[in-house]
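Report on the following structure.
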Amino acid sequence: KYRATPCQPRRKHQTLRGMIDRNDTYHIGRITRIRGLKGEVELRFTDDAFDRGDSPYLFMDMDGLLVPFFWEEYGFKNKETAIFSFEDIDTEDKARRLVGREVYYPLEALPDEEEEDFELSSYKALTGFRVRDDRAGALGEISGVDESSANVLLYIDKEDGEELILPYHDDFLVDFNLKKRTLTLHLPDGLVELNK
């Protein structure tokens with residue numbers, strides 16, 4: 001059984017104006033299934049930003065456009081999945097249209113790193129971060145994280161379409177920026193070349 005949390009008070013049918021720049025958001029998960037008959041859906045998280053921020057809405061990718069959906073209440077099913085009720089999504093048919101949609105969070109709703117004692121709940125929260133090496137430059141974007149073994153592995157999509165797999169260790173960390181979603185590392189010599 002999950003505990004429902006009501007949304008923050010706001011004006012009914014409050015709207016957002018203008019086009020949403022994808023760079024002002026980042027990917028936090030995906031709608032995986034409907035839950036019940038009243039429009040509830042399950043959101044599987046790849047990032048814990050929702051817990052740290054204060055946004056009354058989430059964006060969903062609707063055929064290439066980011067559309068805001070205001071949530072009415074939510075409850076965590078487990079540490080990776082929550083059940084959401086969204087405004088105006090009140091039937092099974094409406095909810096079914098959301099299944100499979102990628103979900104994004106507005107960066108502006110996150111607290112500044114200086115204002116909080118920030119700590120990653122999981123290395124999976126690095127999914128979507130852009131990675132650079134302080135000597136080699138930009139490496140690409142993290143598409144996945146494997147924490148199942150003793151060594152954490154970062155799967156990085158390079159701009160040329162190739163995949164780079166790198167072990168991660170806190171000793172490699174040079175800089176971390178939550179709002180910009182960037183990770184700067186100092187990798188041992190030859191580590192990047194091992195993927196070629």
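Each chain of the structure tokens is named A, B, ... in the order shown, its residues numbered from 1; ligands are numbered from 1 in display order.
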
Ile89 (chain A) environment, 8 Å, only C-alpha atoms, sequence neighbours closer than 3 positions dropped, as an MDAnalysis selection string: chainID A and resid 38:40 85:86 94:95

Written file, previous selection with N, CA and C atoms, as a short mmCIF file (atom, residue, chain, number, x, y, z; two decimals), in the first residue's frame:
data_model
loop_
_atom_site.label_atom_id
_atom_site.label_comp_id
_atom_site.auth_asym_id
_atom_site.auth_seq_id
_atom_site.Cartn_x
_atom_site.Cartn_y
_atom_site.Cartn_z
N LYS A 38 -9.19 4.89 -12.49
CA LYS A 38 -9.45 6.32 -12.39
C LYS A 38 -8.33 7.18 -12.98
N GLY A 39 -7.49 6.58 -13.82
CA GLY A 39 -6.47 7.37 -14.51
C GLY A 39 -5.11 7.39 -13.87
N GLU A 40 -4.90 6.62 -12.79
CA GLU A 40 -3.58 6.59 -12.17
C GLU A 40 -2.60 5.84 -13.06
N SER A 85 -1.49 10.51 -9.91
CA SER A 85 -2.75 10.98 -10.48
C SER A 85 -2.45 12.36 -11.07
N PHE A 86 -2.78 12.54 -12.35
CA PHE A 86 -2.54 13.81 -13.01
C PHE A 86 -3.87 14.52 -13.28
N LYS A 94 -7.64 7.61 -21.01
CA LYS A 94 -6.71 8.75 -21.00
C LYS A 94 -5.35 8.33 -20.43
N ALA A 95 -5.38 7.50 -19.40
CA ALA A 95 -4.14 7.05 -18.78
C ALA A 95 -3.35 6.17 -19.74
#

Residues of region 147-183 of chain A at most 9 Å from region 102-113 of chain A: nearest atom pair and distance in Å, only C-alpha atoms, as CSV:
residue,atom,partner,partner_atom,distance
A:Asn177,CA,A:Glu113,CA,7.9
A:Leu178,CA,A:Glu113,CA,7.0
A:Lys179,CA,A:Leu107,CA,6.0
A:Lys180,CA,A:Leu107,CA,8.2

Give me, as a ChimeraX atom specification, the residues of region 49-185 of chain A that a backbone DSSP run labels strand (DSSP E). /A:57-62,65-76,81-86,102-106,130-133,137-146,152-157,163-168,173-177,182-185

Determine the nearest neighbour of Glu162 (chain A) from the options A:Arg33, A:Glu141, A:Lys77, A:Asp146, counting only C-alpha atoms. A:Glu141

Which residues, written as a ChimeraX atom specification, have at least one atom at most 12 Å from Ile20 (chain A), with only C-alpha atoms counted and residues fewer than 2 positions away on the same chain left out? /A:16-18,22-26,58-61,64-68,104-107

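Counting only C-alpha atoms, the residue from A:Tyr168, A:Phe45, A:Phe70, A:Phe84 that sits nearest to Tyr123 (chain A) is A:Tyr168.
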